[in-house]
$ cat protein_16.txt   # compact mmCIF, C-alpha atoms and all ligand atoms
# COMPACT_ATOMS: atom_id res chain seq x y z
CA MET A 1 95.35 65.47 101.05
CA ARG A 2 96.21 67.81 103.95
CA LYS A 3 99.83 66.88 103.53
CA GLY A 4 99.49 67.83 99.88
CA VAL A 5 98.21 71.27 100.81
CA LEU A 6 101.05 71.75 103.26
CA ILE A 7 103.67 70.79 100.71
CA PHE A 8 101.91 73.03 98.20
CA PHE A 9 102.28 76.04 100.51
CA ILE A 10 105.84 75.24 101.52
CA THR A 11 106.84 74.87 97.87
CA ASN A 12 105.26 78.21 97.08
CA ILE A 13 107.04 79.92 99.93
CA ILE A 14 110.35 78.49 98.74
CA ILE A 15 109.71 79.64 95.19
CA ILE A 16 108.67 83.13 96.31
CA GLY A 17 111.74 83.24 98.55
CA PHE A 18 113.92 82.30 95.60
CA LEU A 19 112.34 84.97 93.37
CA VAL A 20 112.69 87.67 96.02
CA ASN A 21 116.30 86.64 96.54
CA SER A 22 117.09 86.89 92.85
CA VAL A 23 115.65 90.38 92.51
CA TRP A 24 116.83 91.51 95.95
CA THR A 25 119.39 93.99 94.59
CA LEU A 26 116.67 95.59 92.48
CA LEU A 27 114.33 95.78 95.46
CA THR A 28 116.99 97.37 97.66
CA LEU A 29 117.61 99.98 94.95
CA LEU A 30 114.13 101.26 95.72
CA PHE A 31 115.09 101.94 99.32
CA ILE A 32 118.78 102.85 99.16
CA ASP A 33 119.10 106.54 98.40
CA GLY A 34 122.88 106.84 98.52
CA SER A 35 122.63 109.73 100.99
CA GLU A 36 125.56 108.39 103.05
CA ASP A 37 127.76 109.12 100.01
CA GLN A 38 126.05 112.34 99.00
CA ILE A 39 128.19 115.25 97.87
CA SER A 40 126.38 117.74 100.06
CA ARG A 41 125.74 121.31 98.98
CA ALA A 42 127.43 122.45 102.20
CA GLU A 43 130.79 121.02 101.13
CA LEU A 44 130.64 122.40 97.57
CA PRO A 45 132.05 125.90 97.02
CA ALA A 46 129.87 128.40 95.13
CA PRO A 47 130.57 128.81 91.37
CA ASN A 48 133.11 131.62 91.70
CA SER A 49 134.33 131.00 95.21
CA GLY A 50 138.06 131.26 95.95
CA ALA A 51 137.69 128.03 97.93
CA ILE A 52 137.60 126.04 94.69
CA SER A 53 141.32 126.34 94.06
CA GLU A 54 142.10 125.11 97.58
CA ARG A 55 140.47 121.77 96.98
CA PRO A 56 142.44 118.68 96.01
CA ARG A 57 142.49 117.70 92.32
CA LEU A 58 142.27 113.97 92.03
CA ILE A 59 140.40 113.49 88.77
CA PRO A 60 142.42 114.45 85.65
CA LYS A 61 141.08 117.37 83.61
CA ILE A 62 139.57 115.40 80.74
CA ILE A 63 136.04 115.61 79.37
CA HIS A 64 134.78 112.54 77.50
CA GLN A 65 131.74 112.50 75.22
CA THR A 66 130.43 109.98 72.70
CA TYR A 67 128.74 110.21 69.33
CA ILE A 68 128.51 108.18 66.11
CA ASN A 69 130.98 110.45 64.30
CA GLU A 70 132.37 113.98 64.43
CA SER A 71 129.19 115.60 63.05
CA ILE A 72 127.38 116.51 66.25
CA PRO A 73 123.70 117.32 65.48
CA ALA A 74 122.79 121.02 65.76
CA HIS A 75 120.58 120.58 68.85
CA TRP A 76 123.52 119.19 70.83
CA GLN A 77 126.14 121.68 69.69
CA GLY A 78 124.90 124.24 72.24
CA PRO A 79 125.29 121.95 75.26
CA GLN A 80 128.60 120.63 73.94
CA GLN A 81 129.96 124.15 73.41
CA SER A 82 128.88 125.23 76.92
CA CYS A 83 131.13 122.52 78.38
CA LEU A 84 134.03 123.39 76.08
CA ASP A 85 133.75 127.12 76.92
CA LEU A 86 133.77 126.55 80.67
CA HIS A 87 136.75 124.18 80.53
CA PRO A 88 139.45 125.63 78.25
CA ASP A 89 142.12 123.94 80.35
CA TYR A 90 140.58 120.46 79.99
CA GLU A 91 141.48 117.90 77.38
CA TYR A 92 138.45 117.05 75.26
CA LYS A 93 137.90 113.53 73.90
CA LEU A 94 135.01 112.74 71.59
CA TRP A 95 134.58 108.97 71.34
CA THR A 96 133.17 108.27 67.89
CA ASP A 97 132.13 104.74 66.92
CA LYS A 98 135.38 104.28 65.02
CA LYS A 99 137.64 105.60 67.79
CA SER A 100 135.76 103.59 70.42
CA ARG A 101 136.24 100.33 68.57
CA GLU A 102 139.94 101.04 67.95
CA PHE A 103 140.43 101.84 71.60
CA ILE A 104 138.74 98.63 72.80
CA ALA A 105 140.63 96.54 70.24
CA ALA A 106 143.96 98.03 71.31
CA GLU A 107 143.53 98.23 75.09
CA TYR A 108 140.82 95.74 76.08
CA PRO A 109 140.86 93.00 73.42
CA TRP A 110 139.05 90.59 75.78
CA PHE A 111 136.00 92.82 75.48
CA LEU A 112 135.96 93.27 71.71
CA GLU A 113 133.69 90.30 71.02
CA THR A 114 131.06 91.51 73.49
CA PHE A 115 131.45 95.08 72.22
CA ASP A 116 130.96 94.11 68.57
CA GLY A 117 128.14 91.73 69.48
CA TYR A 118 125.93 94.32 71.18
CA GLU A 119 122.57 94.38 69.46
CA PHE A 120 121.96 98.12 69.87
CA PRO A 121 124.51 100.91 69.16
CA ILE A 122 123.49 102.66 72.41
CA MET A 123 124.98 99.68 74.27
CA ARG A 124 128.39 100.41 72.78
CA ALA A 125 127.95 104.08 73.71
CA ASP A 126 127.17 102.98 77.28
CA ALA A 127 130.08 100.57 77.52
CA ILE A 128 132.75 102.88 76.08
CA ARG A 129 132.14 105.52 78.75
CA TYR A 130 132.94 103.06 81.55
CA PHE A 131 136.09 101.94 79.73
CA VAL A 132 137.47 105.43 79.09
CA LEU A 133 136.77 106.49 82.68
CA ALA A 134 138.45 103.35 84.00
CA HIS A 135 141.38 103.88 81.64
CA PHE A 136 142.07 107.61 81.49
CA GLY A 137 139.91 108.93 84.31
CA GLY A 138 138.18 112.26 83.79
CA ILE A 139 134.55 113.30 83.52
CA TYR A 140 132.06 111.75 81.14
CA ILE A 141 129.15 113.95 80.00
CA ASP A 142 126.24 112.93 77.75
CA LEU A 143 125.81 115.17 74.73
CA ASP A 144 122.40 116.30 75.94
CA ASP A 145 123.91 117.63 79.17
CA GLY A 146 125.30 121.12 79.02
CA CYS A 147 127.60 122.67 81.65
CA ASN A 148 126.33 125.39 83.95
CA ARG A 149 129.57 126.09 85.83
CA SER A 150 133.13 124.80 85.97
CA LEU A 151 133.35 121.18 87.07
CA ASP A 152 136.59 121.84 88.98
CA PRO A 153 135.03 121.26 92.44
CA LEU A 154 134.05 117.74 91.35
CA LEU A 155 137.69 116.88 90.65
CA ALA A 156 138.15 116.60 94.41
CA TYR A 157 136.39 113.22 94.61
CA PRO A 158 138.03 109.98 93.48
CA ALA A 159 134.76 108.88 91.86
CA TRP A 160 131.27 110.28 91.59
CA VAL A 161 128.01 109.35 89.91
CA ARG A 162 124.62 110.99 89.73
CA ARG A 163 121.54 109.97 91.69
CA THR A 164 118.31 109.52 89.73
CA THR A 165 114.69 109.21 90.74
CA PRO A 166 112.92 106.94 91.34
CA THR A 167 115.84 104.55 91.82
CA GLY A 168 119.56 104.12 91.42
CA ILE A 169 122.14 106.15 89.55
CA SER A 170 122.50 107.42 86.01
CA ASN A 171 125.41 107.05 83.62
CA ASP A 172 124.97 110.38 81.85
CA ALA A 173 127.41 112.38 83.97
CA MET A 174 130.11 110.80 86.11
CA GLY A 175 133.73 111.20 86.98
CA ALA A 176 136.64 109.16 88.29
CA ILE A 177 140.38 108.88 88.75
CA PRO A 178 142.05 106.41 86.38
CA ARG A 179 141.63 102.75 87.39
CA HIS A 180 139.09 103.47 90.10
CA PRO A 181 137.90 100.10 91.51
CA PHE A 182 134.23 100.94 90.89
CA PHE A 183 134.72 101.48 87.15
CA LEU A 184 137.11 98.55 86.92
CA ARG A 185 134.39 96.44 88.40
CA ALA A 186 131.84 97.86 85.97
CA ILE A 187 133.93 97.01 82.88
CA ASP A 188 134.80 93.62 84.32
CA SER A 189 131.09 92.85 84.82
CA LEU A 190 129.88 93.93 81.37
CA PRO A 191 130.25 90.54 79.60
CA GLU A 192 128.43 88.75 82.44
CA TYR A 193 125.50 91.20 82.34
CA ASN A 194 125.16 91.05 78.55
CA ARG A 195 121.80 89.27 78.34
CA ASN A 196 118.83 89.52 76.09
CA TRP A 197 115.76 90.46 78.13
CA ILE A 198 113.45 90.30 75.09
CA LEU A 199 112.32 93.91 75.46
CA PRO A 200 114.98 96.21 73.93
CA TYR A 201 114.48 98.75 76.71
CA ILE A 202 115.19 96.27 79.47
CA THR A 203 118.04 94.66 77.54
CA VAL A 204 119.80 98.02 77.14
CA MET A 205 119.10 99.19 80.71
CA GLY A 206 120.13 95.93 82.35
CA SER A 207 123.11 95.00 80.18
CA THR A 208 124.97 98.30 79.88
CA GLY A 209 122.74 101.20 80.92
CA PRO A 210 121.85 102.93 84.19
CA LEU A 211 120.19 99.83 85.64
CA PHE A 212 123.36 97.83 85.03
CA LEU A 213 125.48 100.54 86.66
CA SER A 214 123.03 100.84 89.58
CA VAL A 215 123.22 97.11 90.28
CA ILE A 216 127.03 97.19 90.16
CA TRP A 217 126.95 100.24 92.44
CA ARG A 218 124.79 98.37 94.98
CA HIS A 219 127.06 95.33 94.97
CA TYR A 220 130.16 97.51 95.14
CA ASN A 221 128.86 99.51 98.10
CA SER A 222 127.93 96.38 100.02
CA GLY A 223 131.70 95.92 100.44
CA LYS A 224 131.71 99.24 102.39
CA PRO A 225 134.43 100.96 100.32
CA LYS A 226 136.46 103.54 102.24
CA GLY A 227 138.70 106.48 101.42
CA LEU A 228 139.66 106.69 97.76
CA ASP A 229 137.54 103.64 96.96
CA ARG A 230 134.31 105.41 97.86
CA VAL A 231 131.90 106.48 95.12
CA ARG A 232 130.30 109.81 95.94
CA VAL A 233 126.85 110.76 94.70
CA LEU A 234 125.71 114.02 93.13
CA PHE A 235 122.08 114.69 93.97
CA LYS A 236 119.35 116.36 91.98
CA ASP A 237 119.82 119.96 93.14
CA GLU A 238 123.54 119.88 92.43
CA TYR A 239 122.91 118.25 89.05
CA ASN A 240 120.64 120.86 87.48
CA ASN A 241 117.92 123.52 87.81
CA HIS A 242 119.77 125.84 90.20
CA PRO A 243 122.36 128.60 89.71
CA TRP A 244 124.87 126.49 91.68
CA SER A 245 124.08 123.25 89.78
CA PHE A 246 126.81 121.80 87.57
CA PHE A 247 124.74 120.86 84.54
CA THR A 248 121.81 121.95 82.43
CA HIS A 249 119.79 119.13 81.03
CA HIS A 250 118.50 119.27 77.47
CA ARG A 251 115.96 116.50 77.65
CA GLY A 252 116.54 113.49 75.53
CA SER A 253 117.72 110.15 76.63
CA SER A 254 118.13 110.28 80.37
CA TRP A 255 117.21 107.39 82.59
CA HIS A 256 114.05 109.16 83.59
CA GLY A 257 113.03 109.80 79.98
CA LYS A 258 113.44 106.14 79.11
CA ASP A 259 111.73 105.12 82.29
CA VAL A 260 108.70 107.15 81.38
CA HIS A 261 108.73 105.53 77.94
CA LEU A 262 108.62 102.10 79.52
CA ILE A 263 105.79 103.07 81.82
CA PHE A 264 103.84 104.41 78.84
CA TRP A 265 104.59 101.25 76.93
CA MET A 266 103.34 99.14 79.82
CA ALA A 267 100.23 101.27 80.25
CA HIS A 268 99.54 100.89 76.56
CA HIS A 269 99.87 97.11 76.72
CA TRP A 270 98.41 96.60 80.19
CA MET A 271 95.82 94.09 78.98
CA PHE A 272 98.45 91.97 77.28
CA LEU A 273 100.77 92.16 80.31
CA THR A 274 97.96 91.30 82.72
CA VAL A 275 96.87 88.28 80.69
CA ILE A 276 100.45 87.05 80.36
CA GLY A 277 101.03 87.58 84.08
CA PHE A 278 97.93 85.70 85.15
CA THR A 279 98.52 82.88 82.68
CA LEU A 280 102.06 82.40 83.88
CA GLY A 281 101.00 82.64 87.52
CA PHE A 282 98.25 80.04 87.15
CA ALA A 283 100.46 77.76 85.09
CA VAL A 284 103.07 77.80 87.85
CA LEU A 285 100.47 77.23 90.58
CA PHE A 286 98.90 74.39 88.65
CA PHE A 287 102.25 72.77 88.04
CA ILE A 288 103.15 72.94 91.75
CA TRP A 289 99.74 71.57 92.72
CA TRP A 290 100.09 68.71 90.28
CA PHE A 291 103.64 68.01 91.37
CA CYS A 292 102.81 67.98 95.10
CA GLY A 293 99.85 65.71 94.45
CA ARG A 294 102.02 63.22 92.67
CA VAL A 295 104.68 63.22 95.35
CA VAL A 296 102.23 62.86 98.22
CA LEU A 297 100.09 60.20 96.63
CA SER A 298 102.98 58.14 95.39
CA GLY A 299 104.04 58.02 99.06
CA THR A 300 100.68 57.10 100.56
CA ILE A 301 98.87 54.80 98.14
CA LYS A 302 101.79 53.60 96.15
CA GLY A 303 100.90 49.94 96.58
CA ARG A 304 97.62 50.23 94.72
CA ASN A 305 98.50 49.33 91.20
CA VAL A 306 94.88 49.65 90.28
CA ASN A 307 95.06 53.42 90.80
CA SER A 308 98.40 54.10 89.25
CA ARG A 309 97.04 55.07 85.86
CA ILE A 310 94.13 57.10 87.14
CA PRO A 311 94.77 60.86 87.07
CA TYR A 312 95.53 62.48 90.38
CA TRP A 313 92.28 64.40 90.75
CA ARG A 314 90.26 61.26 90.06
CA ARG A 315 92.22 59.32 92.63
CA VAL A 316 91.61 61.99 95.23
CA SER A 317 87.89 61.89 94.76
CA GLN A 318 87.87 58.12 94.84
CA LYS A 319 89.79 58.10 98.09
CA ASP A 320 87.40 60.61 99.62
CA TYR A 321 84.43 58.42 98.72
CA GLU A 322 86.14 55.47 100.32
CA LEU A 323 86.54 57.39 103.55
CA VAL A 324 82.92 58.43 103.51
CA ASP A 325 81.83 54.86 102.88
CA ARG A 326 83.91 53.54 105.71
CA HIS A 327 82.48 56.14 108.04
CA GLU A 328 78.97 55.07 107.22
CA VAL A 329 79.67 51.38 107.74
C1 LIG A 401 127.58 111.05 60.90
O1 LIG A 401 126.46 110.24 61.30
C2 LIG A 401 125.21 110.75 60.90
C3 LIG A 401 124.11 109.91 61.53
O2 LIG A 401 124.25 108.56 61.21
C4 LIG A 401 125.15 110.82 59.38
O3 LIG A 401 123.91 111.33 58.96
C5 LIG A 401 126.29 111.66 58.85
O4 LIG A 401 126.31 111.63 57.46
C6 LIG A 401 127.63 111.19 59.39
N1 LIG A 401 128.66 112.13 59.04
C7 LIG A 401 129.83 111.78 58.52
C8 LIG A 401 130.79 112.88 58.26
O5 LIG A 401 130.12 110.61 58.28
$ encode --input "protein_16.txt" --output "structure tokens" --more "lines below"
Ligand SMILES: *[C@@H]1O[C@H](CO)[C@@H](O)[C@H](O)[C@H]1NC(C)=O
Amino acid sequence: MRKGVLIFFITNIIIIGFLVNSVWTLLTLLFIDGSEDQISRAELPAPNSGAISERPRLIPKIIHQTYINESIPAHWQGPQQSCLDLHPDYEYKLWTDKKSREFIAAEYPWFLETFDGYEFPIMRADAIRYFVLAHFGGIYIDLDDGCNRSLDPLLAYPAWVRRTTPTGISNDAMGAIPRHPFFLRAIDSLPEYNRNWILPYITVMGSTGPLFLSVIWRHYNSGKPKGLDRVRVLFKDEYNNHPWSFFTHHRGSSWHGKDVHLIFWMAHHWMFLTVIGFTLGFAVLFFIWWFCGRVVLSGTIKGRNVNSRIPYWRRVSQKDYELVDRHEV
């Protein structure tokens, strides 16, 4: 019996260890803030500073955006126009559904099946931005992000992404040189991460969205990339809300917005989630308990054929009585 308890605890520790190991990257995302790769405000020239033209230009002057078709809804025309106005010398590429599919079919045919198979259109919109950055380089901007100043200073970094709170990075504004190893890795990993997580929100986030990109970012950085391979990180103050920030955000579908949706969803269904959680937890505990009992008893009182068909818990009590009896004799 004592041996059973010991095995029970050891098994639990192993299982917990396994679970922690499998979500380790997610856990580390909570603690890694990316500050070692931060594009600091000290190194960024002010919006109209003469120092801007002295900086290297690594990223090609291309702005990529995505939408279903060419008819951008009125509420996004303002943000879109602000980026066009500030970057007359940039090439502008709008990746419509049709153009995106043609591009994947022509340049990355190995991905077409995954691309066509995505359950939600937003997943194709997520995927295409990694492909066009990996292919052409340039700067990708979500349609709900407007531009607050010229993005020229950001051309000086081989690759950059944007930090989000509470964890990880976003995929709504990012830039890179063509064939940057980080974005190559992202497109290479897309088929492997294409899983159904039952909840649409988690499926989108984890298969193609910011959570996917954050996990790739963590893995990529664990290889300690140096020089041109580094991925720099734009922090909150440089992203928006200040005169020197690069973007203006017109709320909509950012990581944070979706995150809040999920939290609301969970709060709304907390009873359901709690019951499911406890049921699963107890089922697992019971199974381990039952399993350990079988293993231990089959080792100690295996010879007793008479007991072999009696359920474990009955056998335990019987054995205890025997011990008590013997003691009294
Ligand atoms: C573009 O897509 C929107 C949303 O699905 C649709 O309402 C609109 O008719 C489409 N425009 C064209 C020109 O196909």
$ closest_residue --input "protein_16.txt" --among "A:Phe278, A:Tyr220, A:Tyr67, A:Phe246" --to "A:Cys83" --atoms "only C-alpha atoms"
A:Phe246
$ residues_around --input "protein_16.txt" --residues "A:Asp237" --least-positions-apart "4" --cutoff "10 Å" --atoms "all atoms listed in the file" --output "compact mmCIF listing (two decimals) with C-alpha atoms, keeping the file's coordinate frame"
# COMPACT_ATOMS: atom_id res chain seq x y z
CA SER A 40 126.38 117.74 100.06
CA ARG A 41 125.74 121.31 98.98
CA ASN A 241 117.92 123.52 87.81
CA HIS A 242 119.77 125.84 90.20
CA PRO A 243 122.36 128.60 89.71
CA TRP A 244 124.87 126.49 91.68
CA SER A 245 124.08 123.25 89.78
CA PHE A 246 126.81 121.80 87.57
CA PHE A 247 124.74 120.86 84.54
$ atom_distance --input "protein_16.txt" --atom1 "atom CA of A:Trp289" --atom2 "atom CA of A:Val23"
24.6 Å
$ atom_distance --input "protein_16.txt" --atom1 "atom CA of A:Val132" --atom2 "atom CA of A:Gly168"
21.8 Å
$ atom_distance --input "protein_16.txt" --atom1 "atom CA of A:Asp172" --atom2 "atom CA of A:Asp229"
20.8 Å
$ closest_residue --input "protein_16.txt" --among "A:Glu54, A:Asp97, A:Asp188, A:Asp37" --to "A:Thr114" --atoms "only C-alpha atoms"
A:Asp188
$ closest_residue --input "protein_16.txt" --among "A:Ala156, A:Ala74, A:Ile39, A:Leu112" --to "ligand LIG 401 (chain A)" --atoms "all atoms listed in the file"
A:Ala74
$ closest_atom_pairs --input "protein_16.txt" --of "chain A" --to "ligand LIG 401 (chain A)" --cutoff "9 Å" --atoms "only C-alpha atoms and all ligand atoms" --output "JSON lines"
{"residue": "A:Tyr67", "atom": "CA", "partner": "A:LIG401", "partner_atom": "O1", "distance": 8.3}
{"residue": "A:Ile68", "atom": "CA", "partner": "A:LIG401", "partner_atom": "O1", "distance": 5.6}
{"residue": "A:Asn69", "atom": "CA", "partner": "A:LIG401", "partner_atom": "C1", "distance": 4.8}
{"residue": "A:Glu70", "atom": "CA", "partner": "A:LIG401", "partner_atom": "C8", "distance": 6.5}
{"residue": "A:Ser71", "atom": "CA", "partner": "A:LIG401", "partner_atom": "C1", "distance": 5.3}
{"residue": "A:Ile72", "atom": "CA", "partner": "A:LIG401", "partner_atom": "C1", "distance": 7.6}
{"residue": "A:Pro73", "atom": "CA", "partner": "A:LIG401", "partner_atom": "C2", "distance": 8.1}
$ closest_residue --input "protein_16.txt" --among "A:Ala186, A:Leu133, A:Ile16, A:Leu155" --to "A:Leu285" --atoms "only C-alpha atoms"
A:Ile16
$ residues_around --input "protein_16.txt" --residues "A:Arg129" --least-positions-apart "4" --cutoff "10 Å" --atoms "only C-alpha atoms" --output "short mmCIF file (atom, residue, chain, number, x, y, z; two decimals) with C-alpha atoms, in the coordinates of the input"
data_model
loop_
_atom_site.label_atom_id
_atom_site.label_comp_id
_atom_site.auth_asym_id
_atom_site.auth_seq_id
_atom_site.Cartn_x
_atom_site.Cartn_y
_atom_site.Cartn_z
CA HIS A 64 134.78 112.54 77.50
CA GLN A 65 131.74 112.50 75.22
CA THR A 66 130.43 109.98 72.70
CA TRP A 95 134.58 108.97 71.34
CA SER A 100 135.76 103.59 70.42
CA ARG A 124 128.39 100.41 72.78
CA ALA A 125 127.95 104.08 73.71
CA LEU A 133 136.77 106.49 82.68
CA ALA A 134 138.45 103.35 84.00
CA HIS A 135 141.38 103.88 81.64
CA ILE A 139 134.55 113.30 83.52
CA TYR A 140 132.06 111.75 81.14
CA ILE A 141 129.15 113.95 80.00
CA ASP A 142 126.24 112.93 77.75
CA ASN A 171 125.41 107.05 83.62
CA ASP A 172 124.97 110.38 81.85
CA ALA A 173 127.41 112.38 83.97
CA MET A 174 130.11 110.80 86.11
CA PHE A 183 134.72 101.48 87.15
CA ILE A 187 133.93 97.01 82.88
#
